[in-house]
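Notes for the one structure printed next.
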4 protein chains.
Amino acid sequence: MESGWQRFRHRLHEIIFEADTWAGRAFDITLLFLIMLSVLAVILESIPSLTHSYGPVFDNIEWLFTGLFTIEYLLRIISIRQPLRYMTSFFGLVDLLAILPSYLGLFLFGAHELAAVRILRLLRIFRILKLGEYTSAASILAYSLRESRAKITVFFVAIFTLVITLGSMMYVVEGHANGFESIPLSIYWAVITITTVGYGDIVPSTAMGKFIATLIMLLGYVIIAVPTGIVAVSLTAASKKHEISTQACPNCGRQGHDPDAVHCKYCGAAL
Amino acid sequence: MESGWQRFRHRLHEIIFEADTWAGRAFDITLLFLIMLSVLAVILESIPSLTHSYGPVFDNIEWLFTGLFTIEYLLRIISIRQPLRYMTSFFGLVDLLAILPSYLGLFLFGAHELAAVRILRLLRIFRILKLGEYTSAASILAYSLRESRAKITVFFVAIFTLVITLGSMMYVVEGHANGFESIPLSIYWAVITITTVGYGDIVPSTAMGKFIATLIMLLGYVIIAVPTGIVAVSLTAASKKHEISTQACPNCGRQGHDPDAVHCKYCGAAL
Amino acid sequence: MESGWQRFRHRLHEIIFEADTWAGRAFDITLLFLIMLSVLAVILESIPSLTHSYGPVFDNIEWLFTGLFTIEYLLRIISIRQPLRYMTSFFGLVDLLAILPSYLGLFLFGAHELAAVRILRLLRIFRILKLGEYTSAASILAYSLRESRAKITVFFVAIFTLVITLGSMMYVVEGHANGFESIPLSIYWAVITITTVGYGDIVPSTAMGKFIATLIMLLGYVIIAVPTGIVAVSLTAASKKHEISTQACPNCGRQGHDPDAVHCKYCGAAL
Amino acid sequence: MESGWQRFRHRLHEIIFEADTWAGRAFDITLLFLIMLSVLAVILESIPSLTHSYGPVFDNIEWLFTGLFTIEYLLRIISIRQPLRYMTSFFGLVDLLAILPSYLGLFLFGAHELAAVRILRLLRIFRILKLGEYTSAASILAYSLRESRAKITVFFVAIFTLVITLGSMMYVVEGHANGFESIPLSIYWAVITITTVGYGDIVPSTAMGKFIATLIMLLGYVIIAVPTGIVAVSLTAASKKHEISTQACPNCGRQGHDPDAVHCKYCGAAL
């Protein structure tokens, strides 16, 4: 027979870790709301003029969130069956990292700065995004990116080889005097150019450098088309798989019917 | 029996709000033409050299358009059955906002500047764009963007989390001295980089910052592929739905059959 | 019976305007080669250091090409049945514009500068590009862009409205002092931002301006996806139409067979 | 009967050129690892501060890699049946170019700088990338780019004509005084603009120039959609071909049937 403590732990687990019950859902939404507020506080605290005027207020707010998140962290450890497994999991580490800097700041000067890590807690939003159509939308997106994994890996290997080769070429052509100070910097330029970001902090000065840059930009046209094509194709496949019911006609056995089909579109038998 | 006033109102409504009759269509096109002229006047008035030379001319032009649009606004209120509903609708508010600044400018110095709001009236162009093939093109585009809503929302939630995380990371890495003055500014930089806009007003200076920026840009390759893929897929679906929707079942009259369907998928009758 | 002059004209027409005969093809390729050389001359002449050293050489080269293209123009007029129709056609005007500036330069100082118009003759390349697989590739591309016309028009109407609205908004928010000197300039900025070009010659300075710019950039993500989706969809349709034979099975009458199909894939009858 | 030398050569060939055996695979992976290390050395050596401190270390490292790659090159020549064919092949030349600069540097001052060519050896990564799913991913990507060849060629011919025309136009409109110093430089600007790279090192100054630039950027919207559409379409086709190629006809053994095929499209036998 379950003891009171066991029942309390079980109930706590249901609220904190699950989202099926009313209380669990309320907890998740409140938590997300608190995370967003704490992120907002970190963001605002970084603005010099605001820190100057309201420094002590931000200190108080930070200790408030540190307190709340510490309580939440302890409750999670108490309520879960395998505390170590949670503590070493990705979200467990993020939860710890979110509160650690404030405590470290008491001993180590400057550690407090790392409170920005708290922003990683925002990732919890994806655990809460499990509502109606968003679930299927997110799962289709995730599925199609996962499916494209091999193609995207090959694409990135090609891109890495390309930017290293092009960067080295431009380092030799333009040289140290024109801002292409080292091969790493030239590779940085090649990435800026081929992704069409184009900051303009490093630009070719020589005629030959400009000519090569022109070719690289035009090459970028075809290159940027590749990941788009990859994702479009796997999204199409993922959407189709999701949409078309797997139902086979009991009469002719053919598949591929729309979800709203009542009769087989090939032989007319009732599905 | 309809009174003369009623008939006048009814006729006015047909001209101003509908576009089926010859007069209604003529009114819509004249109105669109006037809106474009008034927008052009606002745009030209903002050019310092022109205002300097032709200031009074622009004042007259503005009062002319204010007068015309005021009359139109009053006629709309008179002719519609539920004036309040129109006045609080989106287009009703836009119509009011287009004339208000000129009148306010008589009392409040500077309010006149807001005449730029008149530009929003340009949105009426979409109500007039209902000609032949443009209707179906616009409805396919609108339909496919609406269908992608859930996926695009998930995409933007991911992007928001990403740019906040990356922006904070760069704020810590580059710091105040290198132009990354606050987390909001670093987020602004992250958005500039990941959307491949790349103004170049803020650029990483440290080697570590440049390395992270390189990774972000390459990451941007896959990210920019996602919305394109989403829209391409839903546009394909929307186009197909549009293509196939012409065949109606002779038995139940429902549409939406696949091109290779032999039997109605709803009632099973032969197509 | 055809006179010698008629026969000469007919033969000339075949060589100059058609590309079926050996001589006609040779003429076209020689012409394309000459056009490219003349374009190269115009391009090189624009480089200050080269003009400085080889000015007279470029003058001679230009008169050489002007002479050759004048002869070609006259031969075209002589050999064609309806000279006026050719002279007022697009290519006829381009051919005339390519030789006119040199002659005008004798009387009007500076007219010579317009020789750059000669570059338009490069467009003839598309008339010569009619070889094997390139024809079908070009026709598929042209067909799919033509098919997307209505959708792309709607897209551009939306974009125009959007950049005018956003440009005006930024003009009000940032104002004259921060480089957003007039609404046209702000619209120029909005186009630079939304197309992800991002020169960086005009950038928002105020916090509010940066916030709006961030939203515009993120909006640009979805916007850039639309034309890509449109073209991808119509390219798919165009490719499919081109690939799939229109052949119907003589037995079951179903279509959609691959070009290399010998038997109906549905009933197995010989096609 | 095979002599010992023959057997040794045969075994060496298996290890160096093939990747089927355990030893061959180990050799390939070790080689790739060494290539990456040598590339890393070249990259790091280009950083001024590092060369300053560790110059002699880099010299030693470079001679180490030169020695190893020389041995590898000699072993390749010894073990292959047609040494000349290998030496004149693409990878043979790359292998030679990777070791030559170091030796030349002993006689010619500065030749050593060309060691950056060694980076090209990175291309060997594609020969080693033959593992499981990556093979099919790479072959689908390569196949679809190859299939799009004709369309991409037509696209680039159109782009070349366009940027030359637009560049010349801007040279005439903006002129030497505003940074558009020559037509080649204006073409460089046109490419920067139309590919949405947008460095911002050359920007239009006149109102007319800005207006034309705006039109070019908007045009770029449709242009960037074309290669993406091309690649997406051929990727879809390539993926489909890859998916459906598994079913072979039991009668004639030919593959490539559509997923919904009931009969072999070549011989008509039931699948």
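We name chains A, B, ... following the order of the structure tokens; residues begin at 1 in each chain, and ligands are numbered from 1 as shown.
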Closest pair table for chain B residues within 6 Å of chain C, only C-alpha atoms, as a tab-separated table:
residue	atom	partner	partner_atom	distance
B:Ile43	CA	C:Ile183	CA	5.4
B:Ser46	CA	C:Ser182	CA	4.9
B:Ile47	CA	C:Ser182	CA	5.0
B:Tyr134	CA	C:Ala150	CA	5.6
B:Ala137	CA	C:Lys151	CA	4.9
B:Thr196	CA	C:Thr196	CA	5.9
B:Val197	CA	C:Thr196	CA	4.0
B:Gly198	CA	C:Gly198	CA	5.4
B:Tyr199	CA	C:Gly200	CA	4.1
B:Gly200	CA	C:Gly200	CA	5.9
B:Pro227	CA	C:Ala225	CA	5.9
B:Thr228	CA	C:Ala225	CA	4.0
B:Val231	CA	C:Gly229	CA	5.7
B:Ala232	CA	C:Gly229	CA	3.9
B:Thr236	CA	C:Val233	CA	5.7
Grab the residues selected above and save them as a tab-separated table (two decimals), in the first residue's frame with C-alpha atoms.
chain	number	residue	atom	x	y	z
B	43	ILE	CA	5.81	60.33	-50.78
B	46	SER	CA	8.67	63.91	-47.84
B	47	ILE	CA	11.52	64.86	-50.19
B	134	TYR	CA	-5.71	37.20	-60.48
B	137	ALA	CA	-3.85	33.28	-58.17
B	196	THR	CA	21.37	36.77	-44.61
B	197	VAL	CA	20.57	40.51	-44.69
B	198	GLY	CA	24.06	41.37	-43.40
B	199	TYR	CA	24.07	45.17	-43.04
B	200	GLY	CA	27.57	45.15	-41.62
B	227	PRO	CA	9.97	28.27	-44.90
B	228	THR	CA	10.63	27.87	-48.63
B	231	VAL	CA	5.36	27.28	-48.77
B	232	ALA	CA	6.36	25.18	-51.80
B	236	THR	CA	1.67	22.47	-54.60
Env of range 85-89 of chain A: 12 Å cut, atoms = only C-alpha atoms, seq-sep filter 5 positions within chain, self excluded. Answer as an mmCIF file with all heavy atoms, in the first residue's frame.
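out-v9.cif was written with the following content:
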data_model
loop_
_atom_site.group_PDB
_atom_site.id
_atom_site.type_symbol
_atom_site.label_atom_id
_atom_site.label_comp_id
_atom_site.auth_asym_id
_atom_site.auth_seq_id
_atom_site.Cartn_x
_atom_site.Cartn_y
_atom_site.Cartn_z
ATOM 1 N N PHE A 17 6.233 16.891 -14.223
ATOM 2 C CA PHE A 17 6.793 16.277 -15.426
ATOM 3 C C PHE A 17 5.768 15.986 -16.508
ATOM 4 O O PHE A 17 6.112 15.916 -17.683
ATOM 5 C CB PHE A 17 7.554 14.992 -15.063
ATOM 6 C CG PHE A 17 8.891 15.249 -14.442
ATOM 7 C CD1 PHE A 17 9.043 15.320 -13.074
ATOM 8 C CD2 PHE A 17 10.011 15.452 -15.240
ATOM 9 C CE1 PHE A 17 10.276 15.563 -12.494
ATOM 10 C CE2 PHE A 17 11.250 15.698 -14.666
ATOM 11 C CZ PHE A 17 11.380 15.758 -13.289
ATOM 12 N N TYR A 73 13.755 23.100 -9.094
ATOM 13 C CA TYR A 73 14.797 22.091 -9.325
ATOM 14 C C TYR A 73 14.771 21.031 -8.227
ATOM 15 O O TYR A 73 14.836 19.826 -8.504
ATOM 16 C CB TYR A 73 16.165 22.781 -9.381
ATOM 17 C CG TYR A 73 17.312 21.877 -9.750
ATOM 18 C CD1 TYR A 73 17.387 21.324 -11.024
ATOM 19 C CD2 TYR A 73 18.320 21.585 -8.843
ATOM 20 C CE1 TYR A 73 18.439 20.502 -11.386
ATOM 21 C CE2 TYR A 73 19.381 20.764 -9.196
ATOM 22 C CZ TYR A 73 19.439 20.223 -10.470
ATOM 23 O OH TYR A 73 20.481 19.406 -10.813
ATOM 24 N N LEU A 74 14.647 21.474 -6.976
ATOM 25 C CA LEU A 74 14.611 20.529 -5.853
ATOM 26 C C LEU A 74 13.374 19.657 -5.938
ATOM 27 O O LEU A 74 13.446 18.445 -5.724
ATOM 28 C CB LEU A 74 14.651 21.304 -4.523
ATOM 29 C CG LEU A 74 15.962 22.057 -4.265
ATOM 30 C CD1 LEU A 74 15.870 22.854 -2.963
ATOM 31 C CD2 LEU A 74 17.139 21.093 -4.219
ATOM 32 N N LEU A 75 12.222 20.241 -6.266
ATOM 33 C CA LEU A 75 10.990 19.464 -6.383
ATOM 34 C C LEU A 75 11.117 18.397 -7.468
ATOM 35 O O LEU A 75 10.623 17.286 -7.329
ATOM 36 C CB LEU A 75 9.799 20.383 -6.683
ATOM 37 C CG LEU A 75 9.319 21.269 -5.527
ATOM 38 C CD1 LEU A 75 8.143 22.125 -5.973
ATOM 39 C CD2 LEU A 75 8.923 20.404 -4.318
ATOM 40 N N ARG A 76 11.787 18.762 -8.568
ATOM 41 C CA ARG A 76 11.990 17.798 -9.644
ATOM 42 C C ARG A 76 12.838 16.618 -9.154
ATOM 43 O O ARG A 76 12.530 15.446 -9.434
ATOM 44 C CB ARG A 76 12.703 18.459 -10.836
ATOM 45 C CG ARG A 76 11.764 19.225 -11.746
ATOM 46 C CD ARG A 76 12.474 19.846 -12.934
ATOM 47 N NE ARG A 76 11.606 20.775 -13.613
ATOM 48 C CZ ARG A 76 10.749 20.440 -14.579
ATOM 49 N NH1 ARG A 76 10.654 19.179 -14.970
ATOM 50 N NH2 ARG A 76 9.963 21.334 -15.145
ATOM 51 N N ILE A 77 13.903 16.932 -8.395
ATOM 52 C CA ILE A 77 14.773 15.864 -7.886
ATOM 53 C C ILE A 77 14.022 14.974 -6.912
ATOM 54 O O ILE A 77 14.133 13.744 -6.942
ATOM 55 C CB ILE A 77 16.023 16.471 -7.199
ATOM 56 C CG1 ILE A 77 16.907 17.127 -8.252
ATOM 57 C CG2 ILE A 77 16.795 15.406 -6.429
ATOM 58 C CD1 ILE A 77 18.122 17.798 -7.686
ATOM 59 N N ILE A 78 13.223 15.584 -6.063
ATOM 60 C CA ILE A 78 12.456 14.822 -5.070
ATOM 61 C C ILE A 78 11.442 13.912 -5.744
ATOM 62 O O ILE A 78 11.316 12.741 -5.409
ATOM 63 C CB ILE A 78 11.724 15.792 -4.097
ATOM 64 C CG1 ILE A 78 12.739 16.469 -3.187
ATOM 65 C CG2 ILE A 78 10.680 15.041 -3.279
ATOM 66 C CD1 ILE A 78 12.134 17.597 -2.378
ATOM 67 N N SER A 79 10.724 14.444 -6.714
ATOM 68 C CA SER A 79 9.568 13.722 -7.244
ATOM 69 C C SER A 79 9.911 12.644 -8.257
ATOM 70 O O SER A 79 9.113 11.746 -8.517
ATOM 71 C CB SER A 79 8.582 14.710 -7.878
ATOM 72 O OG SER A 79 9.148 15.291 -9.029
ATOM 73 N N ILE A 80 11.082 12.726 -8.862
ATOM 74 C CA ILE A 80 11.392 11.741 -9.906
ATOM 75 C C ILE A 80 11.994 10.491 -9.292
ATOM 76 O O ILE A 80 12.637 10.527 -8.233
ATOM 77 C CB ILE A 80 12.335 12.346 -10.975
ATOM 78 C CG1 ILE A 80 12.080 11.633 -12.299
ATOM 79 C CG2 ILE A 80 13.784 12.243 -10.542
ATOM 80 C CD1 ILE A 80 12.536 12.425 -13.491
ATOM 81 N N VAL A 94 20.471 21.918 -18.030
ATOM 82 C CA VAL A 94 20.038 23.284 -18.326
ATOM 83 C C VAL A 94 19.391 23.904 -17.085
ATOM 84 O O VAL A 94 19.665 25.059 -16.738
ATOM 85 C CB VAL A 94 19.070 23.302 -19.533
ATOM 86 C CG1 VAL A 94 18.360 24.650 -19.630
ATOM 87 C CG2 VAL A 94 19.819 22.997 -20.818
ATOM 88 N N ASP A 95 18.551 23.097 -16.401
ATOM 89 C CA ASP A 95 17.879 23.602 -15.199
ATOM 90 C C ASP A 95 18.890 23.981 -14.116
ATOM 91 O O ASP A 95 18.728 24.993 -13.420
ATOM 92 C CB ASP A 95 16.900 22.544 -14.652
ATOM 93 C CG ASP A 95 15.712 22.348 -15.587
ATOM 94 O OD1 ASP A 95 15.568 23.166 -16.523
ATOM 95 O OD2 ASP A 95 14.951 21.398 -15.386
ATOM 96 N N LEU A 96 19.961 23.185 -14.011
ATOM 97 C CA LEU A 96 20.993 23.477 -13.015
ATOM 98 C C LEU A 96 21.786 24.720 -13.419
ATOM 99 O O LEU A 96 22.045 25.616 -12.608
ATOM 100 C CB LEU A 96 21.936 22.272 -12.867
ATOM 101 C CG LEU A 96 23.044 22.430 -11.818
ATOM 102 C CD1 LEU A 96 22.455 22.583 -10.426
ATOM 103 C CD2 LEU A 96 23.984 21.222 -11.852
ATOM 104 N N LEU A 97 22.178 24.774 -14.713
ATOM 105 C CA LEU A 97 22.960 25.902 -15.216
ATOM 106 C C LEU A 97 22.205 27.222 -15.058
ATOM 107 O O LEU A 97 22.815 28.290 -14.999
ATOM 108 C CB LEU A 97 23.319 25.691 -16.692
ATOM 109 C CG LEU A 97 24.501 24.755 -16.936
ATOM 110 C CD1 LEU A 97 24.615 24.424 -18.417
ATOM 111 C CD2 LEU A 97 25.784 25.382 -16.423
#
If you run DSSP on this backbone, which residues of range 19-112 of chain B come out as alpha helix (DSSP H), and could you give them as a VMD selection string? chain B and resid 22 to 45 48 to 79 83 to 87 90 to 107
With only C-alpha atoms as the counted atoms, please give the residues lying no more than 12 Å from Ile16 in chain D, apart from itself and same-chain residues fewer than 3 positions off, as a compact mmCIF listing (two decimals) with N, CA, C and O atoms, in the first residue's frame.
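What follows is the written file part-v2.txt:
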# COMPACT_ATOMS: atom_id res chain seq x y z
N ARG D 9 52.94 -5.62 -55.14
CA ARG D 9 52.32 -4.50 -55.85
C ARG D 9 50.79 -4.61 -55.83
O ARG D 9 50.07 -3.65 -55.59
N HIS D 10 50.34 -5.86 -56.06
CA HIS D 10 48.89 -6.10 -56.08
C HIS D 10 48.28 -5.76 -54.71
O HIS D 10 47.25 -5.11 -54.61
N ARG D 11 48.97 -6.23 -53.67
CA ARG D 11 48.49 -6.00 -52.29
C ARG D 11 48.50 -4.49 -51.99
O ARG D 11 47.55 -3.94 -51.43
N LEU D 12 49.59 -3.81 -52.41
CA LEU D 12 49.73 -2.39 -52.20
C LEU D 12 48.60 -1.63 -52.89
O LEU D 12 48.01 -0.70 -52.32
N HIS D 13 48.30 -2.05 -54.11
CA HIS D 13 47.23 -1.40 -54.88
C HIS D 13 45.91 -1.53 -54.15
O HIS D 13 45.13 -0.57 -54.06
N ALA D 19 39.00 0.31 -51.26
CA ALA D 19 38.52 0.50 -49.89
C ALA D 19 37.65 -0.68 -49.46
O ALA D 19 36.85 -0.56 -48.55
N ASP D 20 37.82 -1.84 -50.13
CA ASP D 20 36.98 -2.99 -49.79
C ASP D 20 37.55 -3.75 -48.61
O ASP D 20 36.81 -4.29 -47.80
N THR D 21 38.89 -3.85 -48.55
CA THR D 21 39.50 -4.63 -47.48
C THR D 21 39.62 -3.77 -46.22
O THR D 21 39.51 -2.54 -46.26
N TRP D 22 39.91 -4.48 -45.11
CA TRP D 22 40.08 -3.81 -43.83
C TRP D 22 41.26 -2.86 -43.90
O TRP D 22 41.20 -1.70 -43.49
N ALA D 23 42.37 -3.33 -44.50
CA ALA D 23 43.58 -2.52 -44.60
C ALA D 23 43.35 -1.30 -45.51
O ALA D 23 43.82 -0.20 -45.21
N GLY D 24 42.63 -1.52 -46.59
CA GLY D 24 42.35 -0.41 -47.52
C GLY D 24 41.56 0.68 -46.86
O GLY D 24 41.84 1.88 -47.00
N ARG D 25 40.54 0.27 -46.10
CA ARG D 25 39.70 1.24 -45.40
C ARG D 25 40.52 2.00 -44.34
O ARG D 25 40.41 3.21 -44.21
N ALA D 26 41.36 1.25 -43.61
CA ALA D 26 42.20 1.87 -42.59
C ALA D 26 43.14 2.88 -43.22
O ALA D 26 43.32 3.99 -42.70
N PHE D 27 43.74 2.52 -44.38
CA PHE D 27 44.64 3.43 -45.07
C PHE D 27 43.91 4.71 -45.47
O PHE D 27 44.42 5.82 -45.24
N ASP D 28 42.72 4.56 -46.05
CA ASP D 28 41.94 5.72 -46.50
C ASP D 28 41.63 6.67 -45.36
O ASP D 28 41.77 7.89 -45.47
N ILE D 29 41.19 6.08 -44.23
CA ILE D 29 40.81 6.93 -43.10
C ILE D 29 42.04 7.63 -42.51
O ILE D 29 42.00 8.81 -42.18
N THR D 30 43.17 6.89 -42.41
CA THR D 30 44.41 7.49 -41.92
C THR D 30 44.83 8.63 -42.84
O THR D 30 45.20 9.72 -42.38
N LEU D 31 44.76 8.39 -44.15
CA LEU D 31 45.15 9.40 -45.12
C LEU D 31 44.29 10.65 -44.97
O LEU D 31 44.80 11.78 -44.92
N ILE D 71 56.11 9.92 -49.93
CA ILE D 71 56.14 8.46 -49.86
C ILE D 71 54.85 7.88 -50.44
O ILE D 71 54.87 6.96 -51.27
N GLU D 72 53.72 8.47 -50.03
CA GLU D 72 52.42 8.00 -50.53
C GLU D 72 52.37 8.11 -52.05
O GLU D 72 51.92 7.19 -52.74
N TYR D 73 52.87 9.24 -52.58
CA TYR D 73 52.84 9.47 -54.03
C TYR D 73 53.67 8.42 -54.76
O TYR D 73 53.23 7.84 -55.76
N LEU D 74 54.87 8.13 -54.22
CA LEU D 74 55.75 7.13 -54.85
C LEU D 74 55.10 5.75 -54.79
O LEU D 74 55.12 5.00 -55.76
N LEU D 75 54.50 5.41 -53.64
CA LEU D 75 53.84 4.11 -53.50
C LEU D 75 52.69 3.98 -54.51
O LEU D 75 52.46 2.91 -55.08
N ARG D 76 51.97 5.07 -54.73
CA ARG D 76 50.87 5.04 -55.70
C ARG D 76 51.42 4.76 -57.11
O ARG D 76 50.86 3.94 -57.85
N ILE D 77 52.54 5.41 -57.46
CA ILE D 77 53.13 5.21 -58.79
C ILE D 77 53.63 3.78 -58.96
O ILE D 77 53.42 3.14 -59.99
N ILE D 78 54.25 3.28 -57.89
CA ILE D 78 54.78 1.91 -57.96
C ILE D 78 53.67 0.89 -58.11
O ILE D 78 53.74 -0.02 -58.93
N SER D 79 52.58 1.07 -57.32
CA SER D 79 51.58 0.00 -57.22
C SER D 79 50.59 -0.02 -58.38
O SER D 79 49.95 -1.04 -58.64
N ILE D 80 50.43 1.09 -59.10
CA ILE D 80 49.42 1.10 -60.14
C ILE D 80 49.97 0.56 -61.45
O ILE D 80 51.17 0.66 -61.73
N ILE D 128 36.02 8.91 -49.90
CA ILE D 128 35.96 8.11 -48.69
C ILE D 128 34.55 8.12 -48.10
O ILE D 128 34.16 7.28 -47.31
Can you pull out the residues contacting Ile35 in chain D? Cut-off 10 Å, using only C-alpha atoms, and skip same-chain residues under 2 positions away; I want them as a short mmCIF file (atom, residue, chain, number, x, y, z; two decimals) with N, CA, C and O atoms, in the first residue's frame.
data_model
loop_
_atom_site.label_atom_id
_atom_site.label_comp_id
_atom_site.auth_asym_id
_atom_site.auth_seq_id
_atom_site.Cartn_x
_atom_site.Cartn_y
_atom_site.Cartn_z
N ILE D 29 41.19 6.08 -44.23
CA ILE D 29 40.81 6.93 -43.10
C ILE D 29 42.04 7.63 -42.51
O ILE D 29 42.00 8.81 -42.18
N THR D 30 43.17 6.89 -42.41
CA THR D 30 44.41 7.49 -41.92
C THR D 30 44.83 8.63 -42.84
O THR D 30 45.20 9.72 -42.38
N LEU D 31 44.76 8.39 -44.15
CA LEU D 31 45.15 9.40 -45.12
C LEU D 31 44.29 10.65 -44.97
O LEU D 31 44.80 11.78 -44.92
N LEU D 32 42.96 10.44 -44.85
CA LEU D 32 42.05 11.58 -44.71
C LEU D 32 42.41 12.38 -43.47
O LEU D 32 42.41 13.62 -43.48
N PHE D 33 42.73 11.65 -42.39
CA PHE D 33 43.10 12.28 -41.13
C PHE D 33 44.36 13.12 -41.31
O PHE D 33 44.44 14.27 -40.86
N LEU D 37 44.95 17.19 -41.03
CA LEU D 37 45.97 17.78 -40.18
C LEU D 37 46.86 18.72 -40.99
O LEU D 37 47.21 19.81 -40.53
N SER D 38 47.24 18.31 -42.22
CA SER D 38 48.12 19.15 -43.03
C SER D 38 47.40 20.43 -43.44
O SER D 38 48.01 21.50 -43.49
N VAL D 39 46.10 20.31 -43.73
CA VAL D 39 45.31 21.50 -44.06
C VAL D 39 45.24 22.43 -42.86
O VAL D 39 45.43 23.65 -42.99
N LEU D 40 45.02 21.83 -41.69
CA LEU D 40 44.97 22.63 -40.46
C LEU D 40 46.29 23.37 -40.25
O LEU D 40 46.30 24.55 -39.85
N ALA D 41 47.42 22.68 -40.54
CA ALA D 41 48.73 23.31 -40.38
C ALA D 41 48.87 24.50 -41.33
O ALA D 41 49.33 25.57 -40.93
N PHE D 65 54.79 16.47 -43.32
CA PHE D 65 53.69 16.13 -44.23
C PHE D 65 54.19 15.97 -45.67
O PHE D 65 53.74 15.07 -46.39
N PHE D 69 53.55 12.56 -47.68
CA PHE D 69 52.79 12.59 -48.93
C PHE D 69 53.67 12.20 -50.12
O PHE D 69 53.17 11.65 -51.10
N ALA D 98 50.45 18.91 -54.22
CA ALA D 98 50.46 19.03 -52.76
C ALA D 98 51.87 18.95 -52.20
O ALA D 98 52.14 19.44 -51.10
N ARG D 118 47.74 22.43 -51.12
CA ARG D 118 47.53 21.16 -50.43
C ARG D 118 46.07 20.98 -50.02
O ARG D 118 45.58 19.86 -49.85
N ILE D 119 45.40 22.10 -49.83
CA ILE D 119 44.00 22.08 -49.42
C ILE D 119 43.13 21.30 -50.39
O ILE D 119 42.13 20.68 -50.02
N LEU D 120 43.52 21.32 -51.68
CA LEU D 120 42.75 20.60 -52.68
C LEU D 120 42.67 19.11 -52.39
O LEU D 120 41.74 18.43 -52.84
N ARG D 121 43.67 18.61 -51.65
CA ARG D 121 43.63 17.18 -51.33
C ARG D 121 42.40 16.82 -50.50
O ARG D 121 42.00 15.67 -50.43
N LEU D 122 41.81 17.84 -49.86
CA LEU D 122 40.59 17.63 -49.08
C LEU D 122 39.50 16.98 -49.94
O LEU D 122 38.61 16.32 -49.42
N LEU D 123 39.58 17.20 -51.26
CA LEU D 123 38.56 16.65 -52.15
C LEU D 123 38.50 15.12 -52.07
O LEU D 123 37.51 14.51 -52.44
N ARG D 124 39.59 14.52 -51.58
CA ARG D 124 39.59 13.06 -51.42
C ARG D 124 38.51 12.60 -50.47
O ARG D 124 38.12 11.43 -50.46
N ILE D 125 38.03 13.53 -49.65
CA ILE D 125 36.99 13.18 -48.69
C ILE D 125 35.78 12.56 -49.39
O ILE D 125 35.11 11.69 -48.86
#
Rounded to one decimal, what separation in Å do you get between CA of Phe8 in chain C and CA of Trp63 in chain C? 27.9 Å
If you measure from CA of Leu84 in chain C to CA of Ser102 in chain C, what distance in Å do you get, rounded to one decimal?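 Interatomic distance here is 22.7 Å.
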One number please: CA of Thr66 in chain C to CA of Ile99 in chain C, in Å, one decimal. 5.4 Å
